[in-house]
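**Q** Have a peek at work.cif (mmCIF, C-alpha atoms).
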data_run
#
loop_
_atom_site.group_PDB
_atom_site.id
_atom_site.type_symbol
_atom_site.label_atom_id
_atom_site.label_comp_id
_atom_site.auth_asym_id
_atom_site.auth_seq_id
_atom_site.Cartn_x
_atom_site.Cartn_y
_atom_site.Cartn_z
ATOM 1 C CA MET A 1 -0.842 25.816 4.844
ATOM 2 C CA GLU A 2 -0.301 25.003 8.505
ATOM 3 C CA ILE A 3 -3.871 26.028 9.375
ATOM 4 C CA THR A 4 -5.345 23.843 6.593
ATOM 5 C CA LEU A 5 -3.251 20.867 7.697
ATOM 6 C CA SER A 6 -4.300 21.421 11.315
ATOM 7 C CA ILE A 7 -7.991 21.447 10.367
ATOM 8 C CA ILE A 8 -7.611 18.232 8.321
ATOM 9 C CA THR A 9 -5.662 16.433 11.054
ATOM 10 C CA GLY A 10 -8.263 17.552 13.597
ATOM 11 C CA LEU A 11 -10.988 16.033 11.419
ATOM 12 C CA MET A 12 -8.952 12.828 11.173
ATOM 13 C CA ILE A 13 -8.669 12.647 14.978
ATOM 14 C CA LEU A 14 -12.436 13.192 15.304
ATOM 15 C CA GLY A 15 -13.078 10.408 12.771
ATOM 16 C CA ALA A 16 -10.777 8.027 14.637
ATOM 17 C CA LEU A 17 -12.481 8.815 17.971
ATOM 18 C CA TYR A 18 -15.911 8.251 16.414
ATOM 19 C CA ALA A 19 -14.721 4.949 14.931
ATOM 20 C CA ILE A 20 -13.796 3.718 18.419
ATOM 21 C CA HIS A 21 -17.067 4.711 20.083
ATOM 22 C CA ALA A 22 -19.608 4.018 17.316
ATOM 23 C CA LYS A 23 -22.375 1.549 18.172
ATOM 24 C CA ASP A 24 -22.834 0.465 14.532
ATOM 25 C CA LEU A 25 -19.751 -1.251 13.124
ATOM 26 C CA LEU A 26 -20.504 -0.150 9.537
ATOM 27 C CA SER A 27 -20.383 3.522 10.501
ATOM 28 C CA ALA A 28 -17.171 2.802 12.433
ATOM 29 C CA VAL A 29 -15.600 1.390 9.239
ATOM 30 C CA ILE A 30 -16.709 4.429 7.226
ATOM 31 C CA ALA A 31 -15.348 6.737 9.942
ATOM 32 C CA CYS A 32 -12.009 4.915 9.513
ATOM 33 C CA GLY A 33 -12.196 6.040 5.886
ATOM 34 C CA ILE A 34 -12.108 9.680 7.067
ATOM 35 C CA VAL A 35 -8.626 9.057 8.471
ATOM 36 C CA GLY A 36 -7.330 7.513 5.245
ATOM 37 C CA TYR A 37 -8.794 10.044 2.826
ATOM 38 C CA GLY A 38 -7.779 12.941 5.095
ATOM 39 C CA LEU A 39 -4.248 11.586 4.866
ATOM 40 C CA VAL A 40 -4.555 11.631 1.047
ATOM 41 C CA ILE A 41 -5.446 15.346 1.130
ATOM 42 C CA CYS A 42 -2.521 16.005 3.499
ATOM 43 C CA PHE A 43 -0.118 14.250 1.097
ATOM 44 C CA LEU A 44 -1.471 16.254 -1.846
ATOM 45 C CA LEU A 45 -1.097 19.549 0.053
ATOM 46 C CA LEU A 46 2.478 18.618 1.020
ATOM 47 C CA LYS A 47 3.276 17.908 -2.670
ATOM 48 C CA ALA A 48 3.763 14.142 -2.387
ATOM 49 C CA PRO A 49 1.682 12.695 -5.271
ATOM 50 C CA ASP A 50 3.506 9.329 -5.165
ATOM 51 C CA LEU A 51 2.313 8.650 -1.642
ATOM 52 C CA ALA A 52 -1.154 10.056 -2.388
ATOM 53 C CA ILE A 53 -1.721 7.569 -5.253
ATOM 54 C CA VAL A 54 -0.674 4.592 -3.105
ATOM 55 C CA GLN A 55 -2.713 5.793 -0.123
ATOM 56 C CA ILE A 56 -5.939 6.426 -2.068
ATOM 57 C CA VAL A 57 -5.868 3.015 -3.795
ATOM 58 C CA VAL A 58 -4.911 1.038 -0.678
ATOM 59 C CA GLU A 59 -7.502 2.905 1.401
ATOM 60 C CA THR A 60 -10.258 2.151 -1.119
ATOM 61 C CA ILE A 61 -9.415 -1.555 -1.351
ATOM 62 C CA SER A 62 -9.111 -2.025 2.422
ATOM 63 C CA LEU A 63 -12.364 -0.098 2.998
ATOM 64 C CA ILE A 64 -14.186 -2.358 0.498
ATOM 65 C CA ILE A 65 -12.846 -5.488 2.220
ATOM 66 C CA MET A 66 -13.808 -4.145 5.682
ATOM 67 C CA VAL A 67 -17.333 -3.251 4.501
ATOM 68 C CA ALA A 68 -17.719 -6.751 3.010
ATOM 69 C CA VAL A 69 -16.569 -8.311 6.306
ATOM 70 C CA VAL A 70 -18.953 -6.158 8.397
ATOM 71 C CA LEU A 71 -21.927 -6.873 6.138
ATOM 72 C CA ASP A 72 -21.168 -10.593 6.313
ATOM 73 C CA SER A 73 -20.904 -10.758 10.117
ATOM 74 C CA SER A 74 -22.573 -8.765 12.896
ATOM 75 C CA ARG A 75 -23.078 -5.002 12.740
ATOM 76 C CA GLN A 76 -23.414 -4.621 16.511
ATOM 77 C CA GLU A 77 -20.489 -3.556 18.637
ATOM 78 C CA LEU A 78 -20.176 -5.769 21.729
ATOM 79 C CA PHE A 79 -19.631 -3.622 24.827
ATOM 80 C CA SER A 80 -18.265 -5.057 28.044
ATOM 81 C CA LYS A 81 -18.469 -3.444 31.466
ATOM 82 C CA PRO A 82 -15.254 -1.636 32.490
ATOM 83 C CA ASP A 83 -13.321 -3.433 35.235
ATOM 84 C CA ILE A 84 -10.119 -2.663 37.182
ATOM 85 C CA GLN A 85 -7.871 -3.981 34.414
ATOM 86 C CA GLY A 86 -9.553 -1.685 31.898
ATOM 87 C CA TYR A 87 -9.099 1.387 34.122
ATOM 88 C CA VAL A 88 -5.417 0.527 34.716
ATOM 89 C CA SER A 89 -4.724 0.134 31.002
ATOM 90 C CA SER A 90 -6.499 3.386 30.087
ATOM 91 C CA ILE A 91 -4.577 5.331 32.781
ATOM 92 C CA THR A 92 -1.326 3.807 31.463
ATOM 93 C CA ALA A 93 -2.249 4.829 27.922
ATOM 94 C CA ILE A 94 -2.965 8.442 28.969
ATOM 95 C CA LEU A 95 0.348 8.606 30.890
ATOM 96 C CA LEU A 96 2.201 7.261 27.843
ATOM 97 C CA ILE A 97 0.554 9.867 25.593
ATOM 98 C CA VAL A 98 1.563 12.697 27.973
ATOM 99 C CA VAL A 99 5.179 11.497 28.204
ATOM 100 C CA LEU A 100 5.456 11.043 24.418
ATOM 101 C CA PHE A 101 3.947 14.494 23.811
ATOM 102 C CA TYR A 102 6.455 16.071 26.239
ATOM 103 C CA PHE A 103 9.487 14.562 24.468
ATOM 104 C CA PHE A 104 7.969 15.368 21.068
ATOM 105 C CA LYS A 105 7.657 19.017 22.145
ATOM 106 C CA ILE A 106 11.314 19.088 23.223
ATOM 107 C CA SER A 107 12.598 17.505 20.016
ATOM 108 C CA ILE A 108 10.485 19.648 17.679
ATOM 109 C CA GLU A 109 12.117 22.849 18.968
ATOM 110 C CA THR A 110 15.484 21.812 17.514
ATOM 111 C CA LEU A 111 14.048 21.411 13.999
ATOM 112 C CA ASP A 112 13.678 24.159 11.397
ATOM 113 C CA ALA A 113 10.388 25.976 10.929
ATOM 114 C CA PHE A 114 7.659 24.179 8.955
ATOM 115 C CA GLY A 115 8.548 23.999 5.258
ATOM 116 C CA GLN A 116 11.903 25.738 5.764
ATOM 117 C CA GLY A 117 15.190 24.072 4.886
ATOM 118 C CA THR A 118 15.935 20.367 4.503
ATOM 119 C CA LEU A 119 17.400 17.797 6.857
ATOM 120 C CA ARG A 120 21.105 16.935 6.617
ATOM 121 C CA MET A 121 20.588 13.603 4.855
ATOM 122 C CA ALA A 122 17.835 14.835 2.518
ATOM 123 C CA THR A 123 20.162 17.548 1.214
ATOM 124 C CA HIS A 124 22.527 14.908 -0.173
ATOM 125 C CA TYR A 125 19.595 13.054 -1.751
ATOM 126 C CA ILE A 126 18.308 16.168 -3.521
ATOM 127 C CA GLU A 127 21.665 17.447 -4.792
ATOM 128 C CA GLY A 128 22.567 15.749 -8.062
ATOM 129 C CA ALA A 129 20.281 12.757 -7.549
ATOM 130 C CA THR A 130 19.066 12.894 -11.155
ATOM 131 C CA ASP A 131 22.672 12.695 -12.379
ATOM 132 C CA LYS A 132 23.516 9.808 -10.050
ATOM 133 C CA THR A 133 20.441 7.673 -10.723
ATOM 134 C CA GLY A 134 19.325 8.878 -14.168
ATOM 135 C CA SER A 135 15.716 8.857 -12.980
ATOM 136 C CA ALA A 136 13.537 11.926 -13.572
ATOM 137 C CA ASN A 137 11.254 10.997 -10.659
ATOM 138 C CA LEU A 138 13.367 11.667 -7.568
ATOM 139 C CA VAL A 139 11.243 9.459 -5.274
ATOM 140 C CA THR A 140 11.692 6.359 -7.449
ATOM 141 C CA GLY A 141 15.398 7.138 -7.724
ATOM 142 C CA VAL A 142 15.687 7.218 -3.937
ATOM 143 C CA ILE A 143 13.631 4.101 -3.160
ATOM 144 C CA PHE A 144 15.262 1.867 -5.792
ATOM 145 C CA ASP A 145 18.815 3.203 -5.695
ATOM 146 C CA PHE A 146 19.870 4.962 -2.488
ATOM 147 C CA ARG A 147 17.423 3.003 -0.338
ATOM 148 C CA GLY A 148 17.212 -0.306 -2.183
ATOM 149 C CA TYR A 149 17.479 -2.283 1.045
ATOM 150 C CA ASP A 150 14.315 -0.580 2.360
ATOM 151 C CA THR A 151 12.380 -1.559 -0.756
ATOM 152 C CA LEU A 152 13.591 -5.148 -0.545
ATOM 153 C CA GLY A 153 12.470 -5.243 3.098
ATOM 154 C CA GLU A 154 9.044 -3.875 2.148
ATOM 155 C CA ALA A 155 8.613 -6.555 -0.524
ATOM 156 C CA THR A 156 9.652 -9.194 2.023
ATOM 157 C CA VAL A 157 7.011 -7.883 4.446
ATOM 158 C CA LEU A 158 4.362 -8.328 1.719
ATOM 159 C CA ILE A 159 5.524 -11.907 1.026
ATOM 160 C CA THR A 160 5.382 -12.689 4.747
ATOM 161 C CA ALA A 161 1.868 -11.210 5.017
ATOM 162 C CA VAL A 162 0.633 -13.389 2.148
ATOM 163 C CA LEU A 163 2.244 -16.488 3.707
ATOM 164 C CA GLY A 164 0.555 -15.712 7.030
ATOM 165 C CA VAL A 165 -2.871 -15.201 5.441
ATOM 166 C CA LEU A 166 -2.597 -18.409 3.412
ATOM 167 C CA THR A 167 -1.513 -20.335 6.516
ATOM 168 C CA ILE A 168 -4.324 -19.042 8.739
ATOM 169 C CA LEU A 169 -7.100 -19.303 6.142
ATOM 170 C CA ARG A 170 -6.440 -22.827 4.865
ATOM 171 C CA ILE A 171 -9.296 -25.302 5.197
ATOM 172 C CA LYS A 172 -7.827 -28.424 3.643
ATOM 173 C CA GLY A 173 -5.351 -30.215 5.855
ATOM 174 C CA LYS A 174 -6.463 -28.395 8.990
ATOM 175 C CA LYS A 175 -8.471 -31.257 10.479
ATOM 176 C CA MET B 176 -20.169 -14.831 -3.250
ATOM 177 C CA LYS B 177 -22.879 -13.737 -5.664
ATOM 178 C CA GLY B 178 -22.492 -11.006 -8.242
ATOM 179 C CA MET B 179 -24.278 -7.655 -8.342
ATOM 180 C CA THR B 180 -26.907 -6.292 -10.754
ATOM 181 C CA LEU B 181 -26.553 -6.029 -14.534
ATOM 182 C CA ILE B 182 -25.768 -2.280 -14.405
ATOM 183 C CA VAL B 183 -22.819 -2.812 -12.078
ATOM 184 C CA LYS B 184 -21.561 -5.734 -14.172
ATOM 185 C CA LYS B 185 -21.596 -3.755 -17.426
ATOM 186 C CA THR B 186 -19.965 -0.698 -15.839
ATOM 187 C CA THR B 187 -17.153 -2.760 -14.344
ATOM 188 C CA GLN B 188 -16.599 -4.530 -17.670
ATOM 189 C CA LEU B 189 -16.119 -1.107 -19.261
ATOM 190 C CA LEU B 190 -13.917 0.291 -16.497
ATOM 191 C CA ALA B 191 -11.744 -2.625 -15.356
ATOM 192 C CA GLY B 192 -9.678 -2.697 -18.552
ATOM 193 C CA LEU B 193 -8.987 1.028 -18.311
ATOM 194 C CA ILE B 194 -7.921 0.680 -14.654
ATOM 195 C CA PHE B 195 -5.622 -2.228 -15.616
ATOM 196 C CA LEU B 196 -4.040 -0.156 -18.410
ATOM 197 C CA TYR B 197 -3.577 2.810 -16.058
ATOM 198 C CA GLY B 198 -1.829 0.505 -13.580
ATOM 199 C CA ILE B 199 0.566 -0.683 -16.297
ATOM 200 C CA TYR B 200 1.188 2.956 -17.299
ATOM 201 C CA VAL B 201 1.977 3.930 -13.701
ATOM 202 C CA VAL B 202 4.413 0.997 -13.372
ATOM 203 C CA ILE B 203 6.238 1.600 -16.671
ATOM 204 C CA HIS B 204 6.493 5.385 -16.236
ATOM 205 C CA GLY B 205 7.495 4.960 -12.585
ATOM 206 C CA HIS B 206 10.881 6.611 -13.094
ATOM 207 C CA LEU B 207 9.408 9.600 -14.969
ATOM 208 C CA THR B 208 6.063 10.529 -13.386
ATOM 209 C CA PRO B 209 4.620 10.093 -9.875
ATOM 210 C CA GLY B 210 3.887 6.489 -9.045
ATOM 211 C CA GLY B 211 5.996 3.390 -9.374
ATOM 212 C CA GLY B 212 5.906 -0.300 -8.604
ATOM 213 C CA PHE B 213 3.845 -0.107 -5.443
ATOM 214 C CA ALA B 214 1.139 2.281 -6.707
ATOM 215 C CA GLY B 215 0.800 0.558 -10.085
ATOM 216 C CA GLY B 216 0.740 -2.916 -8.556
ATOM 217 C CA VAL B 217 -2.092 -2.002 -6.226
ATOM 218 C CA LEU B 218 -4.001 -0.469 -9.179
ATOM 219 C CA ILE B 219 -3.611 -3.683 -11.210
ATOM 220 C CA ALA B 220 -4.810 -5.776 -8.262
ATOM 221 C CA GLY B 221 -7.721 -3.352 -7.800
ATOM 222 C CA SER B 222 -9.012 -3.972 -11.334
ATOM 223 C CA PHE B 223 -9.199 -7.738 -10.652
ATOM 224 C CA ILE B 224 -10.834 -7.171 -7.244
ATOM 225 C CA LEU B 225 -13.442 -4.933 -8.923
ATOM 226 C CA LEU B 226 -14.264 -7.672 -11.446
ATOM 227 C CA ILE B 227 -14.580 -10.356 -8.751
ATOM 228 C CA LEU B 228 -16.778 -8.177 -6.506
ATOM 229 C CA ALA B 229 -19.116 -7.217 -9.352
ATOM 230 C CA ASN B 230 -19.372 -10.516 -11.219
ATOM 231 C CA GLY B 231 -19.276 -13.025 -8.379
ATOM 232 C CA SER B 232 -16.498 -15.312 -7.268
ATOM 233 C CA ASP B 233 -16.700 -17.799 -10.166
ATOM 234 C CA PHE B 234 -15.935 -15.090 -12.751
ATOM 235 C CA MET B 235 -13.024 -16.038 -15.065
ATOM 236 C CA LYS B 236 -12.421 -19.011 -12.686
ATOM 237 C CA LEU B 237 -10.151 -16.616 -10.760
ATOM 238 C CA THR B 238 -10.767 -18.266 -7.399
ATOM 239 C CA LYS B 239 -9.446 -21.539 -8.806
ATOM 240 C CA GLU B 240 -6.175 -19.830 -9.687
ATOM 241 C CA GLU B 241 -4.902 -18.711 -6.318
ATOM 242 C CA THR B 242 -1.845 -20.895 -6.885
ATOM 243 C CA GLY B 243 -1.136 -18.892 -10.064
ATOM 244 C CA SER B 244 -1.042 -15.540 -8.280
ATOM 245 C CA THR B 245 1.179 -16.854 -5.465
ATOM 246 C CA LEU B 246 3.513 -18.396 -8.072
ATOM 247 C CA TYR B 247 3.894 -15.076 -9.931
ATOM 248 C CA GLU B 248 4.446 -13.264 -6.635
ATOM 249 C CA ASN B 249 7.287 -15.576 -5.610
ATOM 250 C CA LEU B 250 8.861 -15.519 -9.088
ATOM 251 C CA ALA B 251 8.772 -11.703 -9.222
ATOM 252 C CA ILE B 252 10.468 -11.207 -5.840
ATOM 253 C CA LEU B 253 13.055 -13.846 -6.835
ATOM 254 C CA VAL B 254 13.849 -11.983 -10.062
ATOM 255 C CA ALA B 255 14.113 -8.687 -8.123
ATOM 256 C CA VAL B 256 16.598 -10.256 -5.691
ATOM 257 C CA PHE B 257 18.630 -11.676 -8.593
ATOM 258 C CA LEU B 258 18.686 -8.244 -10.243
ATOM 259 C CA ALA B 259 20.008 -6.792 -6.988
ATOM 260 C CA LEU B 260 22.578 -9.618 -6.753
ATOM 261 C CA SER B 261 23.734 -8.977 -10.334
ATOM 262 C CA GLY B 262 25.303 -5.772 -9.024
ATOM 263 C CA LEU B 263 27.833 -8.028 -7.287
ATOM 264 C CA LEU B 264 29.066 -9.302 -10.673
ATOM 265 C CA PHE B 265 29.527 -6.078 -12.643
ATOM 266 C CA GLY B 266 31.177 -2.723 -12.035
ATOM 267 C CA ALA B 267 31.864 -1.679 -8.451
ATOM 268 C CA LYS B 268 30.634 -5.029 -7.045
ATOM 269 C CA THR B 269 28.086 -3.774 -4.524
ATOM 270 C CA PHE B 270 24.567 -4.976 -3.726
ATOM 271 C CA PHE B 271 21.834 -2.957 -5.541
ATOM 272 C CA LEU B 272 24.329 -1.417 -7.971
ATOM 273 C CA ASN B 273 22.802 0.430 -10.926
ATOM 274 C CA TRP B 274 25.218 -0.970 -13.520
ATOM 275 C CA LEU B 275 23.167 -0.566 -16.701
ATOM 276 C CA PRO B 276 23.806 2.599 -18.803
ATOM 277 C CA LYS B 277 21.757 5.576 -17.597
ATOM 278 C CA GLY B 278 20.582 6.898 -20.983
ATOM 279 C CA THR B 279 19.140 10.369 -21.494
ATOM 280 C CA LEU B 280 17.040 11.880 -18.731
ATOM 281 C CA GLY B 281 13.287 11.732 -19.319
ATOM 282 C CA GLU B 282 13.034 8.863 -21.841
ATOM 283 C CA ILE B 283 11.227 5.609 -21.131
ATOM 284 C CA VAL B 284 14.379 3.504 -21.591
ATOM 285 C CA SER B 285 16.651 5.298 -19.176
ATOM 286 C CA ALA B 286 17.772 5.210 -15.521
ATOM 287 C CA GLY B 287 19.430 1.782 -15.864
ATOM 288 C CA MET B 288 18.002 -0.843 -13.542
ATOM 289 C CA ILE B 289 15.245 1.285 -11.971
ATOM 290 C CA PRO B 290 12.500 0.463 -14.550
ATOM 291 C CA LEU B 291 13.276 -3.266 -14.211
ATOM 292 C CA TYR B 292 12.966 -3.089 -10.414
ATOM 293 C CA ASN B 293 9.721 -1.123 -10.866
ATOM 294 C CA ILE B 294 8.203 -3.771 -13.155
ATOM 295 C CA PHE B 295 9.065 -6.742 -10.949
ATOM 296 C CA ILE B 296 8.034 -5.009 -7.705
ATOM 297 C CA GLY B 297 4.772 -4.064 -9.476
ATOM 298 C CA ILE B 298 4.097 -7.718 -10.400
ATOM 299 C CA GLU B 299 4.939 -8.785 -6.853
ATOM 300 C CA VAL B 300 2.636 -6.234 -5.174
ATOM 301 C CA ALA B 301 -0.261 -6.942 -7.575
ATOM 302 C CA ALA B 302 0.023 -10.710 -7.137
ATOM 303 C CA SER B 303 0.331 -10.567 -3.356
ATOM 304 C CA ILE B 304 -2.687 -8.285 -2.815
ATOM 305 C CA LEU B 305 -4.733 -10.351 -5.265
ATOM 306 C CA SER B 306 -3.783 -13.596 -3.507
ATOM 307 C CA ILE B 307 -4.750 -12.175 -0.088
ATOM 308 C CA PHE B 308 -8.151 -11.179 -1.524
ATOM 309 C CA LEU B 309 -8.603 -14.560 -3.241
ATOM 310 C CA ALA B 310 -7.682 -16.377 -0.021
ATOM 311 C CA LEU B 311 -10.426 -14.444 1.829
ATOM 312 C CA VAL B 312 -12.978 -15.210 -0.926
ATOM 313 C CA ILE B 313 -12.088 -18.924 -1.026
ATOM 314 C CA PHE B 314 -12.248 -19.141 2.775
ATOM 315 C CA LYS B 315 -15.748 -17.658 2.746
ATOM 316 C CA GLU B 316 -16.905 -20.003 -0.028
ATOM 317 C CA GLU B 317 -15.579 -23.114 1.691
ATOM 318 C CA THR B 318 -16.946 -22.273 5.136
ATOM 319 C CA SER B 319 -20.437 -21.392 3.840
ATOM 320 C CA GLU B 320 -20.821 -24.751 2.077
#
What's the structure tokens form of this structure?

**A**
Amino acid sequence: MEITLSIITGLMILGALYAIHAKDLLSAVIACGIVGYGLVICFLLLKAPDLAIVQIVVETISLIIMVAVVLDSSRQELFSKPDIQGYVSSITAILLIVVLFYFFKISIETLDAFGQGTLRMATHYIEGATDKTGSANLVTGVIFDFRGYDTLGEATVLITAVLGVLTILRIKGKK
Amino acid sequence: MKGMTLIVKKTTQLLAGLIFLYGIYVVIHGHLTPGGGFAGGVLIAGSFILLILANGSDFMKLTKEETGSTLYENLAILVAVFLALSGLLFGAKTFFLNWLPKGTLGEIVSAGMIPLYNIFIGIEVAASILSIFLALVIFKEETSE
């Protein structure tokens, strides 16, 4: 299981790197699709079908919109010559990655082995959740009962996104 | 935006209804099988997006009805908030209280408020994704004129 997941995540990293460096923007968009669909396979292997359904549909719709945008505008990536500011920001990014990886390595040693045991809070969710919520699907029971505030926040984020898009893309009344 | 060829149009006319029905199934059975409001809502929006992409932007006059989708989106989130607030009136008086009777495990009418939340969140997600897509289509139409 761990080896399969490692291979898939490695492929996803390769796809993301190719998407950054591709000269043709259409192939960059399709390489972004590798990341999304790889994530779908990871979710299915980790037995999370709820997330896999959402991810596969959202990935398909966003990929279609991105392909439509690329076909409508230019397919050429515009490269600029690297200057001092670019070097400084890339060195800062590499330093940040190293520091984050170091702390991640420290914190992961305190966790259980992969697939073994549950976290302290998840144990309370799993025990008797079907009796408390009456829902056969545990995930829906958690997101609409124990974590209702999270769901309300997510819906508010969607509303705000739509408001932002409608505000930016209006033609009438802009002049 | 122009439509695609006749083959694509006929295939989408056959498939879009099935995708719409599957979205409704995922929303309604959200508390029994994998899925729920978010997954089903995106599926419902996807069936409309498929129809618009295949048949062109003037199909079903959908691009004229952006106000309709935003209206349903706002109404659905309002109803969901009122459902959450209704927990303050009954029972233990807490926000997001599941005060309806739970019923037997595994039936469609069970789990109290959770199916209602699922349905309204599904409407909200479908309407918001559809209105983002329609806003992009309308923007392209109006700038290309």

**Q** How close does each residue of chain B get to chain A, giving the shortest atom pair and distance in Å to one decimal for every residue with an atom at most 7 Å away, counting all atoms listed in the file, sorted by chain and residue number, as a tab-separated table?

**A**
residue	atom	partner	partner_atom	distance
B:Gly205	CA	A:Thr140	CA	6.8
B:His206	CA	A:Asn137	CA	5.0
B:Leu207	CA	A:Asn137	CA	4.9
B:Thr208	CA	A:Asn137	CA	5.9
B:Pro209	CA	A:Asp50	CA	4.9
B:Gly210	CA	A:Asp50	CA	4.8
B:Gly211	CA	A:Thr140	CA	6.7
B:Phe213	CA	A:Val54	CA	6.9
B:Ala214	CA	A:Val54	CA	4.6
B:Val217	CA	A:Val57	CA	6.7
B:Leu218	CA	A:Val57	CA	6.7
B:Gly221	CA	A:Ile61	CA	6.9
B:Phe271	CA	A:Gly148	CA	6.3
B:Lys277	CA	A:Gly134	CA	5.3
B:Leu280	CA	A:Gly134	CA	5.9
B:Gly281	CA	A:Ala136	CA	5.8
B:Ser285	CA	A:Gly134	CA	6.7
B:Ala286	CA	A:Gly134	CA	4.2
B:Ile289	CA	A:Phe144	CA	6.2
B:Ser303	CA	A:Val162	CA	6.2
B:Ile307	CA	A:Val162	CA	6.0
B:Ala310	CA	A:Leu166	CA	6.5
B:Phe314	CA	A:Leu169	CA	6.2

**Q** Residue by residue, what does the PyMOL selection byres ((chain B and resi 291) around 10) grab here? Present the result as a ChimeraX atom specification.

**A** /B:202-203,212,254-255,258,286-290,292-297

**Q** Please report the interatomic distance between atom CA of Val35 of chain A and atom CA of Gly10 of chain A in Å with one decimal.

**A**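 Going from atom CA of Val35 of chain A over to atom CA of Gly10 of chain A, I get 9.9 Å.
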
**Q** Can you work out the spacing between atom CA of Thr110 of chain A and atom CA of Thr123 of chain A in Å, to one decimal?

**A**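 Rounded to one decimal, the two atoms are 17.5 Å apart.
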
**Q** For a test of reading the model, state the distance in Å between atom CA of Ser319 of chain B and atom CA of Leu71 of chain A, rounded to one decimal.

**A**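 Computing the Euclidean distance for atom CA of Ser319 of chain B and atom CA of Leu71 of chain A yields 14.8 Å.
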
**Q** Set the distance at 6 Å and use all atoms listed in the file: which residues neighbour segment 21-30 of chain A once local chain neighbours fewer than 3 positions away are removed? I'd like the list as number ranges by chain.

**A** A: 18, 33, 75-77

**Q** As a check of understanding, name the residues that the PyMOL selection byres ((chain B and resi 245) around 10) selects in the supplied structure, as a ChimeraX atom specification.

**A** /A:159,162-163,166 /B:240-244,246-251,299,302-307

**Q** Counting only C-alpha atoms, which residue out of B:Ile313, B:Leu272, B:Ala267, B:Val256 sits closest to Gly153 of chain A?

**A** B:Val256

**Q** Using the file's own x, y and z axes, what box holds all listed atoms of segment 54-66 of chain A with 6 Å on each side, keeping edges along x, y and z, and what are its centre and edge lengths in Å to one decimal, as lines of an AutoDock Vina configuration file?

**A**
center_x = -7.4
center_y = 0.5
center_z = 0.9
size_x = 25.5
size_y = 23.9
size_z = 21.5
